[in-house]
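target_21.cif (mmCIF, C-alpha atoms and all ligand atoms) appears below.
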data_target
loop_
_atom_site.label_atom_id
_atom_site.label_comp_id
_atom_site.auth_asym_id
_atom_site.auth_seq_id
_atom_site.Cartn_x
_atom_site.Cartn_y
_atom_site.Cartn_z
CA MET A 1 0.00 0.00 0.00
CA ASN A 2 1.10 3.54 -0.81
CA THR A 3 2.68 5.02 2.33
CA ASN A 4 0.69 8.25 1.94
CA LYS A 5 -2.48 6.32 2.61
CA LYS A 6 -3.51 6.08 6.22
CA THR A 7 -6.04 3.84 7.84
CA ILE A 8 -8.52 6.03 9.69
CA VAL A 9 -11.10 4.96 12.26
CA VAL A 10 -14.02 7.40 12.52
CA LYS A 11 -16.16 6.96 15.65
CA LEU A 12 -19.57 8.60 15.79
CA GLY A 13 -21.26 9.07 19.12
CA THR A 14 -25.03 8.94 19.57
CA SER A 15 -24.89 12.68 20.22
CA VAL A 16 -23.65 13.26 16.64
CA LEU A 17 -25.88 10.70 14.97
CA THR A 18 -29.02 12.14 16.52
CA SER A 19 -27.86 15.78 16.72
CA GLY A 20 -29.18 15.74 20.27
CA THR A 21 -32.70 14.70 19.22
CA SER A 22 -34.49 11.37 19.65
CA LYS A 23 -34.07 10.42 15.97
CA LEU A 24 -31.20 9.53 13.66
CA ASP A 25 -30.19 12.71 11.83
CA LEU A 26 -29.83 11.48 8.26
CA ALA A 27 -28.62 14.86 7.02
CA GLN A 28 -25.75 14.69 9.53
CA MET A 29 -25.04 11.07 8.57
CA VAL A 30 -24.90 11.81 4.85
CA GLU A 31 -22.38 14.55 5.58
CA VAL A 32 -20.20 11.98 7.37
CA VAL A 33 -20.62 9.58 4.45
CA ARG A 34 -19.66 12.28 1.93
CA GLN A 35 -16.38 12.93 3.74
CA CYS A 36 -15.62 9.24 4.23
CA ALA A 37 -16.29 8.67 0.51
CA ILE A 38 -13.79 11.37 -0.46
CA LEU A 39 -11.08 9.85 1.73
CA HIS A 40 -11.96 6.38 0.48
CA GLU A 41 -11.67 7.64 -3.11
CA GLN A 42 -8.20 8.98 -2.25
CA GLY A 43 -7.27 5.46 -1.19
CA HIS A 44 -7.37 5.81 2.60
CA PRO A 45 -8.92 2.73 4.25
CA ILE A 46 -11.85 4.03 6.35
CA ILE A 47 -13.50 2.20 9.24
CA VAL A 48 -16.65 3.56 10.88
CA VAL A 49 -17.42 2.78 14.52
CA THR A 50 -21.04 3.73 14.89
CA SER A 51 -23.06 4.16 18.05
CA GLY A 52 -26.76 4.89 17.78
CA ALA A 53 -28.37 1.41 17.81
CA ILE A 54 -30.22 2.08 21.04
CA ALA A 55 -31.32 5.52 19.85
CA ALA A 56 -32.46 4.03 16.52
CA GLY A 57 -34.40 1.32 18.40
CA LYS A 58 -36.19 3.92 20.49
CA GLU A 59 -37.06 5.87 17.36
CA HIS A 60 -38.30 2.82 15.47
CA LEU A 61 -40.48 1.56 18.32
CA ASN A 62 -41.51 5.08 19.27
CA LEU A 63 -40.43 4.57 22.88
CA PRO A 64 -38.43 7.75 23.63
CA ASN A 65 -38.89 7.47 27.39
CA ILE A 66 -38.48 3.74 27.93
CA GLU A 67 -36.68 2.86 31.17
CA PRO A 68 -32.96 2.25 30.49
CA THR A 69 -32.76 -1.22 32.09
CA VAL A 70 -30.22 -3.69 30.68
CA ALA A 71 -33.02 -5.82 29.18
CA ASN A 72 -34.65 -2.81 27.54
CA LYS A 73 -31.36 -1.56 26.14
CA GLN A 74 -30.61 -4.99 24.70
CA MET A 75 -34.03 -5.12 23.10
CA LEU A 76 -33.60 -1.60 21.68
CA ALA A 77 -30.17 -2.50 20.32
CA ALA A 78 -31.56 -5.67 18.71
CA VAL A 79 -34.22 -3.61 16.94
CA GLY A 80 -32.12 -0.52 16.30
CA GLN A 81 -28.92 -2.09 14.96
CA GLY A 82 -30.72 -3.21 11.80
CA GLN A 83 -32.24 0.24 11.35
CA LEU A 84 -28.87 1.87 11.92
CA VAL A 85 -26.99 -0.29 9.43
CA ARG A 86 -29.75 0.05 6.86
CA ALA A 87 -29.51 3.84 7.16
CA TRP A 88 -25.72 3.76 6.70
CA GLU A 89 -26.00 1.27 3.85
CA ASN A 90 -28.45 3.47 1.94
CA LEU A 91 -26.29 6.54 2.44
CA PHE A 92 -23.01 4.88 1.41
CA LYS A 93 -24.85 3.47 -1.61
CA ILE A 94 -25.26 7.04 -2.89
CA TYR A 95 -21.48 7.02 -3.37
CA GLY A 96 -21.42 3.50 -4.79
CA LEU A 97 -19.85 2.07 -1.63
CA HIS A 98 -20.66 -1.17 0.17
CA VAL A 99 -20.66 -1.57 3.95
CA GLY A 100 -19.98 -4.65 6.08
CA GLN A 101 -21.25 -4.92 9.65
CA MET A 102 -19.07 -6.27 12.46
CA LEU A 103 -20.55 -6.51 15.95
CA LEU A 104 -17.87 -7.06 18.57
CA THR A 105 -17.56 -7.58 22.30
CA ARG A 106 -14.54 -7.45 24.59
CA ALA A 107 -14.43 -11.25 24.44
CA ASP A 108 -13.78 -11.09 20.67
CA LEU A 109 -10.80 -8.84 21.21
CA ALA A 110 -9.36 -10.32 24.41
CA ASP A 111 -9.14 -13.90 23.14
CA LYS A 112 -6.04 -14.19 20.95
CA GLY A 113 -7.58 -16.50 18.36
CA ARG A 114 -10.79 -14.50 18.09
CA PHE A 115 -8.72 -11.30 17.82
CA LEU A 116 -7.03 -12.75 14.74
CA ASN A 117 -10.37 -13.85 13.28
CA ALA A 118 -11.80 -10.35 13.75
CA ARG A 119 -8.64 -8.84 12.26
CA ASP A 120 -8.82 -11.14 9.23
CA THR A 121 -12.43 -10.12 8.58
CA LEU A 122 -11.64 -6.44 8.99
CA ASN A 123 -8.66 -6.66 6.65
CA THR A 124 -10.63 -8.62 4.07
CA LEU A 125 -13.39 -6.01 4.08
CA LEU A 126 -10.78 -3.27 3.59
CA LYS A 127 -9.02 -5.24 0.88
CA HIS A 128 -12.31 -5.40 -1.02
CA ARG A 129 -12.79 -1.65 -0.50
CA ILE A 130 -15.86 -2.23 1.70
CA ILE A 131 -16.48 0.18 4.59
CA PRO A 132 -16.54 -1.76 7.89
CA LEU A 133 -19.33 -0.56 10.19
CA ILE A 134 -18.56 -1.55 13.75
CA ASN A 135 -20.59 -1.43 16.94
CA GLU A 136 -20.63 -3.37 20.18
CA ASN A 137 -22.86 -6.43 20.07
CA ASP A 138 -25.18 -4.89 22.66
CA ALA A 139 -28.05 -7.28 22.07
CA VAL A 140 -26.10 -10.22 23.49
CA ALA A 141 -23.20 -8.70 25.42
CA THR A 142 -23.51 -8.68 29.18
CA SER A 143 -21.38 -6.44 31.37
CA GLU A 144 -18.69 -9.10 31.89
CA ILE A 145 -17.88 -9.37 28.20
CA LYS A 146 -18.66 -5.79 27.16
CA VAL A 147 -16.23 -3.06 26.33
CA GLY A 148 -19.09 -0.90 27.53
CA ASP A 149 -18.63 2.22 25.44
CA ASN A 150 -17.73 2.86 21.83
CA ASP A 151 -14.91 5.28 22.66
CA ASN A 152 -12.88 2.43 24.14
CA LEU A 153 -14.17 0.02 21.49
CA SER A 154 -12.93 2.34 18.73
CA ALA A 155 -9.44 2.44 20.27
CA LEU A 156 -9.39 -1.38 20.23
CA VAL A 157 -10.61 -1.33 16.63
CA ALA A 158 -7.81 1.12 15.74
CA LEU A 159 -5.34 -1.36 17.25
CA LEU A 160 -7.00 -4.23 15.41
CA ALA A 161 -6.69 -2.36 12.11
CA ASP A 162 -3.20 -1.02 12.87
CA ALA A 163 -4.68 2.40 12.06
CA GLU A 164 -2.76 5.66 11.90
CA GLN A 165 -5.56 7.88 13.15
CA LEU A 166 -8.66 7.68 15.32
CA ILE A 167 -11.23 10.47 15.00
CA LEU A 168 -13.80 10.62 17.81
CA LEU A 169 -16.74 12.75 16.73
CA THR A 170 -19.04 14.10 19.41
CA ASP A 171 -21.34 17.02 20.27
CA GLN A 172 -18.53 19.25 21.62
CA GLU A 173 -15.68 20.85 19.73
CA GLY A 174 -13.16 18.78 21.67
CA LEU A 175 -11.78 18.49 25.19
CA PHE A 176 -12.44 21.64 27.23
CA THR A 177 -10.87 22.76 30.50
CA ALA A 178 -14.23 21.78 32.07
CA ASP A 179 -17.52 20.36 30.79
CA PRO A 180 -18.78 23.21 28.58
CA ARG A 181 -22.39 22.24 29.26
CA ASN A 182 -22.18 23.68 32.73
CA ASN A 183 -19.02 25.85 32.48
CA PRO A 184 -19.55 28.59 29.89
CA ASP A 185 -15.99 29.90 30.42
CA ALA A 186 -14.37 26.56 29.65
CA LYS A 187 -11.65 26.76 26.97
CA LEU A 188 -10.95 24.29 24.18
CA ILE A 189 -7.62 22.48 24.49
CA SER A 190 -6.27 22.17 20.97
CA GLU A 191 -3.39 19.80 21.62
CA VAL A 192 -2.50 17.24 24.29
CA SER A 193 1.04 15.93 24.09
CA GLU A 194 0.79 13.82 27.23
CA ILE A 195 -2.29 12.43 28.95
CA THR A 196 -1.56 13.34 32.55
CA ASP A 197 -3.75 12.95 35.65
CA ALA A 198 -4.61 16.63 35.31
CA ILE A 199 -5.98 16.00 31.78
CA CYS A 200 -8.01 13.02 33.01
CA LYS A 201 -9.53 15.14 35.78
CA LEU A 202 -10.86 17.66 33.23
CA ALA A 203 -12.97 15.01 31.55
CA GLY A 204 -16.41 14.45 32.99
CA GLY A 205 -19.12 11.92 32.19
CA SER A 206 -22.04 12.19 29.83
CA VAL A 207 -24.74 14.53 31.06
CA GLY A 208 -26.84 14.80 27.91
CA GLY A 209 -28.55 11.45 28.47
CA LEU A 210 -27.73 10.23 24.96
CA GLY A 211 -24.10 9.19 25.07
CA THR A 212 -22.20 6.69 27.21
CA GLY A 213 -19.14 7.71 29.19
CA GLY A 214 -18.83 11.34 28.15
CA MET A 215 -15.34 12.80 27.79
CA ALA A 216 -13.87 10.41 30.38
CA THR A 217 -14.12 7.38 28.07
CA LYS A 218 -12.73 9.45 25.18
CA ILE A 219 -9.62 10.16 27.23
CA GLU A 220 -9.34 6.44 28.07
CA SER A 221 -9.62 5.71 24.37
CA ALA A 222 -6.94 8.28 23.52
CA THR A 223 -4.64 6.76 26.14
CA VAL A 224 -4.95 3.26 24.67
CA ALA A 225 -4.57 4.44 21.07
CA ASN A 226 -1.70 6.87 21.78
CA ARG A 227 0.25 4.13 23.54
CA ALA A 228 0.05 2.12 20.31
CA GLY A 229 1.34 5.09 18.30
CA ILE A 230 -2.09 6.11 16.94
CA GLU A 231 -2.99 9.80 16.76
CA VAL A 232 -6.39 10.70 18.21
CA ILE A 233 -8.62 13.68 17.40
CA ILE A 234 -11.73 14.58 19.40
CA ALA A 235 -13.89 16.99 17.46
CA ALA A 236 -17.45 18.12 16.76
CA GLY A 237 -19.32 15.96 14.25
CA LYS A 238 -21.23 18.95 12.97
CA ARG A 239 -18.16 21.06 12.17
CA LYS A 240 -17.92 21.52 8.39
CA ASN A 241 -15.45 19.10 6.77
CA VAL A 242 -14.32 17.89 10.18
CA ILE A 243 -13.23 14.42 9.00
CA LEU A 244 -11.43 15.76 5.92
CA ASP A 245 -9.63 18.39 7.97
CA ALA A 246 -8.63 15.94 10.70
CA ALA A 247 -7.32 13.50 8.10
CA ASN A 248 -5.39 16.28 6.33
CA ASN A 249 -3.79 17.52 9.56
CA VAL A 250 -5.72 20.79 9.59
CA SER A 251 -6.08 21.88 13.21
CA VAL A 252 -9.51 20.80 14.46
CA GLY A 253 -10.82 19.97 17.93
CA THR A 254 -8.35 18.41 20.35
CA ARG A 255 -5.43 16.49 18.94
CA PHE A 256 -3.70 13.88 21.10
CA VAL A 257 -0.24 13.45 19.68
CA SER A 258 1.42 10.11 20.11
CA GLU A 259 5.13 10.03 20.70
CA HIS A 260 5.25 6.29 20.22
CA CYS A 261 6.25 4.86 16.85
CA ARG A 262 3.52 2.43 15.69
CA LEU A 263 5.98 -0.21 14.63
CA GLU A 264 7.95 0.09 17.85
CA ALA A 265 4.75 -0.08 19.89
CA ARG A 266 3.81 -3.27 18.05
CA LYS A 267 7.24 -4.76 18.62
CA ASN A 268 7.07 -3.86 22.29
CA TRP A 269 3.73 -5.57 22.50
CA ILE A 270 5.08 -8.72 20.85
CA PHE A 271 8.03 -8.72 23.22
CA ALA A 272 6.89 -7.30 26.51
CA GLY A 273 3.16 -7.97 26.30
CA SER A 274 3.38 -11.68 25.90
CA ARG A 275 5.88 -14.31 26.87
CA SER A 276 6.84 -16.70 24.11
CA ALA A 277 4.47 -19.68 24.31
CA GLY A 278 6.68 -22.09 22.39
CA GLY A 279 9.10 -22.49 19.57
CA ILE A 280 9.10 -23.15 15.84
CA ILE A 281 12.31 -24.47 14.28
CA VAL A 282 12.92 -23.33 10.71
CA ASP A 283 15.34 -24.35 7.95
CA GLN A 284 18.08 -22.20 6.45
CA GLY A 285 15.90 -21.02 3.55
CA ALA A 286 13.14 -19.79 5.87
CA GLU A 287 15.71 -18.14 8.14
CA ASN A 288 17.14 -16.20 5.18
CA ALA A 289 13.69 -15.25 3.89
CA ILE A 290 12.56 -13.96 7.29
CA VAL A 291 15.75 -12.22 8.37
CA ASN A 292 17.07 -10.87 5.07
CA SER A 293 14.02 -10.46 2.82
CA GLY A 294 11.32 -9.43 5.30
CA SER A 295 9.18 -12.43 4.32
CA SER A 296 6.41 -14.12 6.25
CA LEU A 297 7.01 -17.59 7.70
CA LEU A 298 5.54 -20.33 5.50
CA ALA A 299 4.81 -23.91 6.56
CA LYS A 300 7.30 -25.12 3.95
CA GLY A 301 10.29 -23.83 5.93
CA ILE A 302 9.26 -25.28 9.28
CA ILE A 303 11.22 -28.29 10.51
CA ALA A 304 9.78 -28.84 13.99
CA VAL A 305 7.47 -27.43 16.67
CA GLU A 306 8.26 -27.25 20.37
CA SER A 307 5.60 -27.26 23.10
CA ASN A 308 1.87 -26.67 22.79
CA PHE A 309 0.36 -23.33 21.87
CA LEU A 310 -2.83 -21.98 20.35
CA ARG A 311 -3.56 -19.71 17.38
CA GLY A 312 -2.79 -16.08 18.25
CA TYR A 313 0.01 -16.84 20.72
CA VAL A 314 3.45 -15.26 20.54
CA VAL A 315 6.06 -17.90 19.66
CA SER A 316 9.81 -17.93 19.14
CA ILE A 317 11.27 -18.79 15.75
CA CYS A 318 14.60 -20.60 16.08
CA ASN A 319 17.10 -21.72 13.46
CA SER A 320 18.29 -25.30 13.22
CA LYS A 321 21.09 -24.54 15.72
CA GLY A 322 18.49 -23.58 18.32
CA LYS A 323 19.22 -19.84 18.16
CA GLU A 324 16.14 -17.61 18.49
CA ILE A 325 16.04 -15.42 15.37
CA ALA A 326 12.57 -13.86 15.57
CA ARG A 327 9.33 -13.80 17.50
CA GLY A 328 5.83 -13.49 16.19
CA ILE A 329 2.11 -14.17 16.46
CA THR A 330 1.18 -17.57 15.06
CA ARG A 331 -1.91 -18.01 12.90
CA TYR A 332 -1.94 -21.77 13.49
CA LYS A 333 -1.90 -23.79 16.72
CA SER A 334 1.02 -26.13 17.39
CA VAL A 335 -0.87 -29.35 16.56
CA ASP A 336 -1.78 -27.91 13.17
CA ILE A 337 1.78 -26.78 12.47
CA GLU A 338 2.94 -30.29 13.32
CA LYS A 339 0.72 -31.53 10.43
CA ILE A 340 1.53 -28.83 7.85
CA LYS A 341 5.27 -28.36 8.47
CA GLY A 342 7.34 -28.82 5.31
CA GLN A 343 4.21 -28.61 3.11
CA HIS A 344 3.23 -26.07 0.47
CA SER A 345 0.77 -23.37 1.53
CA GLU A 346 -1.81 -24.54 -1.04
CA GLU A 347 -1.98 -27.89 0.74
CA ILE A 348 -2.92 -26.51 4.14
CA GLU A 349 -6.68 -26.65 3.61
CA GLU A 350 -6.57 -30.22 2.34
CA ILE A 351 -4.43 -31.38 5.27
CA LEU A 352 -6.33 -29.60 8.04
CA GLY A 353 -9.80 -29.36 6.51
CA TYR A 354 -9.68 -25.58 6.93
CA GLU A 355 -7.17 -22.77 6.65
CA HIS A 356 -6.35 -19.49 8.38
CA GLY A 357 -4.42 -18.09 5.43
CA THR A 358 -1.32 -19.10 3.52
CA VAL A 359 1.30 -18.08 6.08
CA VAL A 360 2.02 -19.43 9.54
CA ILE A 361 3.31 -16.08 10.83
CA HIS A 362 2.65 -12.95 8.80
CA ARG A 363 5.60 -10.57 8.43
CA ASP A 364 3.54 -7.76 10.05
CA ASP A 365 3.32 -9.92 13.16
CA LEU A 366 7.01 -10.77 13.19
CA VAL A 367 9.88 -9.11 15.02
CA ILE A 368 13.42 -10.01 13.97
CA LEU A 369 15.89 -10.20 16.84
N1 LIG A 401 -13.94 18.53 29.74
C1 LIG A 401 -14.93 18.26 28.88
N2 LIG A 401 -14.89 18.78 27.62
C2 LIG A 401 -15.87 18.51 26.71
N3 LIG A 401 -16.96 17.75 27.00
C3 LIG A 401 -17.07 17.21 28.23
C4 LIG A 401 -16.05 17.43 29.23
N4 LIG A 401 -16.40 16.76 30.34
C5 LIG A 401 -17.57 16.14 30.07
N5 LIG A 401 -17.99 16.40 28.83
C6 LIG A 401 -19.26 15.91 28.24
O1 LIG A 401 -19.02 14.85 27.32
C7 LIG A 401 -20.13 14.84 26.43
C8 LIG A 401 -19.80 14.01 25.18
O2 LIG A 401 -19.80 12.63 25.50
P1 LIG A 401 -21.07 11.68 25.27
O3 LIG A 401 -22.28 12.31 25.86
O4 LIG A 401 -20.71 10.32 25.75
O5 LIG A 401 -21.26 11.77 23.70
P2 LIG A 401 -21.01 10.75 22.49
O6 LIG A 401 -22.35 10.18 22.20
O7 LIG A 401 -20.51 11.62 21.40
O8 LIG A 401 -20.01 9.72 22.92
C9 LIG A 401 -20.36 16.30 26.14
O9 LIG A 401 -21.67 16.57 25.71
C10 LIG A 401 -20.03 16.96 27.47
O10 LIG A 401 -21.16 17.27 28.22
N1 LIG A 402 -23.44 0.59 21.37
C1 LIG A 402 -24.35 1.66 21.79
C2 LIG A 402 -23.62 2.98 22.03
C3 LIG A 402 -22.63 2.96 23.17
C4 LIG A 402 -21.83 4.23 23.26
O1 LIG A 402 -20.66 4.25 23.63
O2 LIG A 402 -22.48 5.38 22.91
P1 LIG A 402 -21.77 6.79 22.62
O3 LIG A 402 -21.19 7.35 23.91
O4 LIG A 402 -22.88 7.62 22.11
O5 LIG A 402 -20.70 6.58 21.61
C5 LIG A 402 -25.42 1.89 20.72
O6 LIG A 402 -25.20 1.56 19.54
O7 LIG A 402 -26.47 2.45 21.05
#

Here is the file; what I need is its structure written in the form of structure tokens.
Amino acid sequence: MNTNKKTIVVKLGTSVLTSGTSKLDLAQMVEVVRQCAILHEQGHPIIVVTSGAIAAGKEHLNLPNIEPTVANKQMLAAVGQGQLVRAWENLFKIYGLHVGQMLLTRADLADKGRFLNARDTLNTLLKHRIIPLINENDAVATSEIKVGDNDNLSALVALLADAEQLILLTDQEGLFTADPRNNPDAKLISEVSEITDAICKLAGGSVGGLGTGGMATKIESATVANRAGIEVIIAAGKRKNVILDAANNVSVGTRFVSEHCRLEARKNWIFAGSRSAGGIIVDQGAENAIVNSGSSLLAKGIIAVESNFLRGYVVSICNSKGKEIARGITRYKSVDIEKIKGQHSEEIEEILGYEHGTVVIHRDDLVIL
């Protein structure tokens, strides 16, 4: 991919999608779609994290004042998610674009194997130039497996997509020195270079009754994304050309600059975040390909597997002398690798009865020592 293209996650809060009313604001949504379509046309992969299912459910059932119990919210989400996606689908269709829905929970992102499955789906949608539309799977998620708010979910999606930028669109121009709803003198903070305790204390909850988490969860989101080297912008959804400006580095809202290099952050995660769960011994050809040519690890070059591990685990890659040469995230569990080692990639499906792609460890998930 051209290096000028950046993967951008755009998160829309309920406050933006409804413009503070009890209905989806289609005029506001089409404006978002127009901007996403321009960036898409320029070749930037765009992912939309959309709230608004519960609001859409209330609108569809005409129950604006229904009690917000867990059961009611799950019912509203079950009804509203379809309405929400249909609205997005019809609007993106104006620009000749397809959308693909992904409903996630924390469990999908915390489990290593499911994380890879979700990442594969996301990448395949992007490869086919389809706009992923992501929301939490509210209809089935209970508090134990929920992320709980789409600000944090969008940071996890940005990590999943290895995005460059996360744009959180809300009903305020950005982070203020105090909640502007009840502090008319509050000032907009245009740039945050470090998320300190003082910054966290400025951010209050949601008082409008539409959104979840307010500014506090947006700061949590920015913390997670910044740590992974992803820039975060909090800005007003209704500001003209807000997405285009944010993507083109025009000053808008509050920008959280990340000092971490994305690649370094990923390497740190592969090293520090997870202990190696086992080892894969490779032949000389595979060693050369990985170390000198930046290639992925194929089954063909694997001689042996040590210890038991599952798909998604971090494993060591060792040469035939037992020296660790790299570490990476495996797409196949050890028992599968045992069966496919030394074989051509095209044979994987026939041997296992399924496949998780043609490589055992993708070069993006590999760190050379
Ligand atoms: N320091 C702050 N600066 C800006 N907004 C704040 C701040 N503290 C709390 N808020 C509140 O956060 C709200 C936005 O969050 P939320 O209601 O969850 O909306 P969304 O649906 O966009 O996620 C604002 O309407 C505002 O009242
Ligand atoms: N998943 C929920 C929204 C949860 C949420 O975080 O809302 P918001 O603070 O408006 O982004 C829904 O679709 O209604």

* Name each residue within 7 Å of ligand LIG 401 (chain A), counting only C-alpha atoms and all ligand atoms, as a VMD selection string. => chain A and resid 12 to 16 151 169 to 172 174 to 181 202 to 216

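Nearest residue to Thr7 in chain A, choosing from A:Pro68, A:Gly82, A:Pro132, A:Gly52 and counting all atoms listed in the file: A:Pro132.
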
Axis-aligned box over every listed atom of ligand LIG 402 (chain A), padded by 4 Å per side: centre and edges in Å to one decimal, as JSON?
{"center_x": -23.6, "center_y": 4.1, "center_z": 21.7, "size_x": 13.8, "size_y": 15.0, "size_z": 12.4}

* To do: Could you check which of A:Cys261, A:Leu298, A:Leu166, A:Ile337 is closest to Leu310 in chain A, using all atoms listed in the file?
  => A:Ile337

* Which residue of A:Ile234, A:Val30, A:Ile167, A:Leu156 approaches Trp88 in chain A most closely, using all atoms listed in the file -> A:Val30

Non-local contacts of Val9 in chain A (7 Å; all atoms listed in the file; under 4 positions in same chain excluded) as a CSV table (one decimal) with C-alpha atoms, in the frame of the given file:
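part-v7.csv written:
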chain,number,residue,atom,x,y,z
A,46,ILE,CA,-11.8,4.0,6.4
A,47,ILE,CA,-13.5,2.2,9.2
A,48,VAL,CA,-16.6,3.6,10.9
A,158,ALA,CA,-7.8,1.1,15.7
A,163,ALA,CA,-4.7,2.4,12.1
A,165,GLN,CA,-5.6,7.9,13.2
A,166,LEU,CA,-8.7,7.7,15.3
A,167,ILE,CA,-11.2,10.5,15.0

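For the pair CA of Ala236 in chain A and CA of Leu63 in chain A, the interatomic distance is 27.4 Å.
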
* To do: Could you jot down the CA of Val157 in chain A to CA of Leu97 in chain A separation for me, Å, one decimal place?
  =>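 Between CA of Val157 in chain A and CA of Leu97 in chain A the gap works out to 20.7 Å.
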
* Can you work out which one of A:Ser296, A:Thr121, A:Ser320, A:Ser19 has the shortest atom-to-atom distance to ligand LIG 402 (chain A), counting only C-alpha atoms and all ligand atoms? => A:Ser19

* Asked: If we count all atoms listed in the file, what is near Lys112 in chain A at a cut-off of 9 Å, once residues fewer than 2 positions away on the same chain are taken out, given as a PyMOL selection string?
  -> chain A and resi 108-110+114-117+310-313

* **Best match for closeness to Ile94 in chain A among A:Lys201, A:Lys58, A:Lys341, A:Arg34, counting only C-alpha atoms** => A:Arg34

* Asked: Out of A:Leu39, A:Ile134, A:Ala53, A:Ala235, which residue has the shortest atom-to-atom distance to ligand LIG 402 (chain A) when counting only C-alpha atoms and all ligand atoms?
  -> A:Ala53

* **Close residues, Gln74 in chain A itself excluded, 12 Å, all atoms listed in the file, min 2 positions apart in chain, as a list in words** =>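 Those residues are Ala53, Ile54, Ala55, Gly57, Lys58, Glu67, Pro68, Thr69, Val70, Ala71, Asn72, Leu76, Ala77, Ala78, Val79, Gly80, Gln81, Glu136, Asn137, Asp138, Ala139, Val140, Ala141, Thr142 and Ser143 of chain A.
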
* To do: Give me, please, the distance in Å between CA of Ala118 in chain A and CA of Ala161 in chain A, quoted to one decimal.
  =>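 Spanning CA of Ala118 in chain A to CA of Ala161 in chain A is a straight-line distance of 9.6 Å.
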
* Asked: Got a sec to check which residues sit within 12 Å of (-9.7, 6.2, -0.6), counting all atoms listed in the file, and write them as a PyMOL selection string?
  -> chain A and resi 1-2+4-8+34-47+97+126-131+244+247

Set the distance at 9 Å and use all atoms listed in the file: which residues neighbour Asn319 in chain A once local chain neighbours fewer than 4 positions away are removed? I'd like the list as a PDB file with C-alpha atoms, in the coordinates of the input.
ATOM      1  CA  ILE A 280       9.100 -23.150  15.840  1.00  0.00           C
ATOM      2  CA  ILE A 281      12.310 -24.470  14.280  1.00  0.00           C
ATOM      3  CA  VAL A 282      12.920 -23.330  10.710  1.00  0.00           C
ATOM      4  CA  ASP A 283      15.340 -24.350   7.950  1.00  0.00           C
ATOM      5  CA  GLN A 284      18.080 -22.200   6.450  1.00  0.00           C
ATOM      6  CA  ALA A 286      13.140 -19.790   5.870  1.00  0.00           C
ATOM      7  CA  GLU A 287      15.710 -18.140   8.140  1.00  0.00           C
ATOM      8  CA  LYS A 323      19.220 -19.840  18.160  1.00  0.00           C
ATOM      9  CA  GLU A 324      16.140 -17.610  18.490  1.00  0.00           C
ATOM     10  CA  ILE A 325      16.040 -15.420  15.370  1.00  0.00           C
TER      11      ILE A 325
END
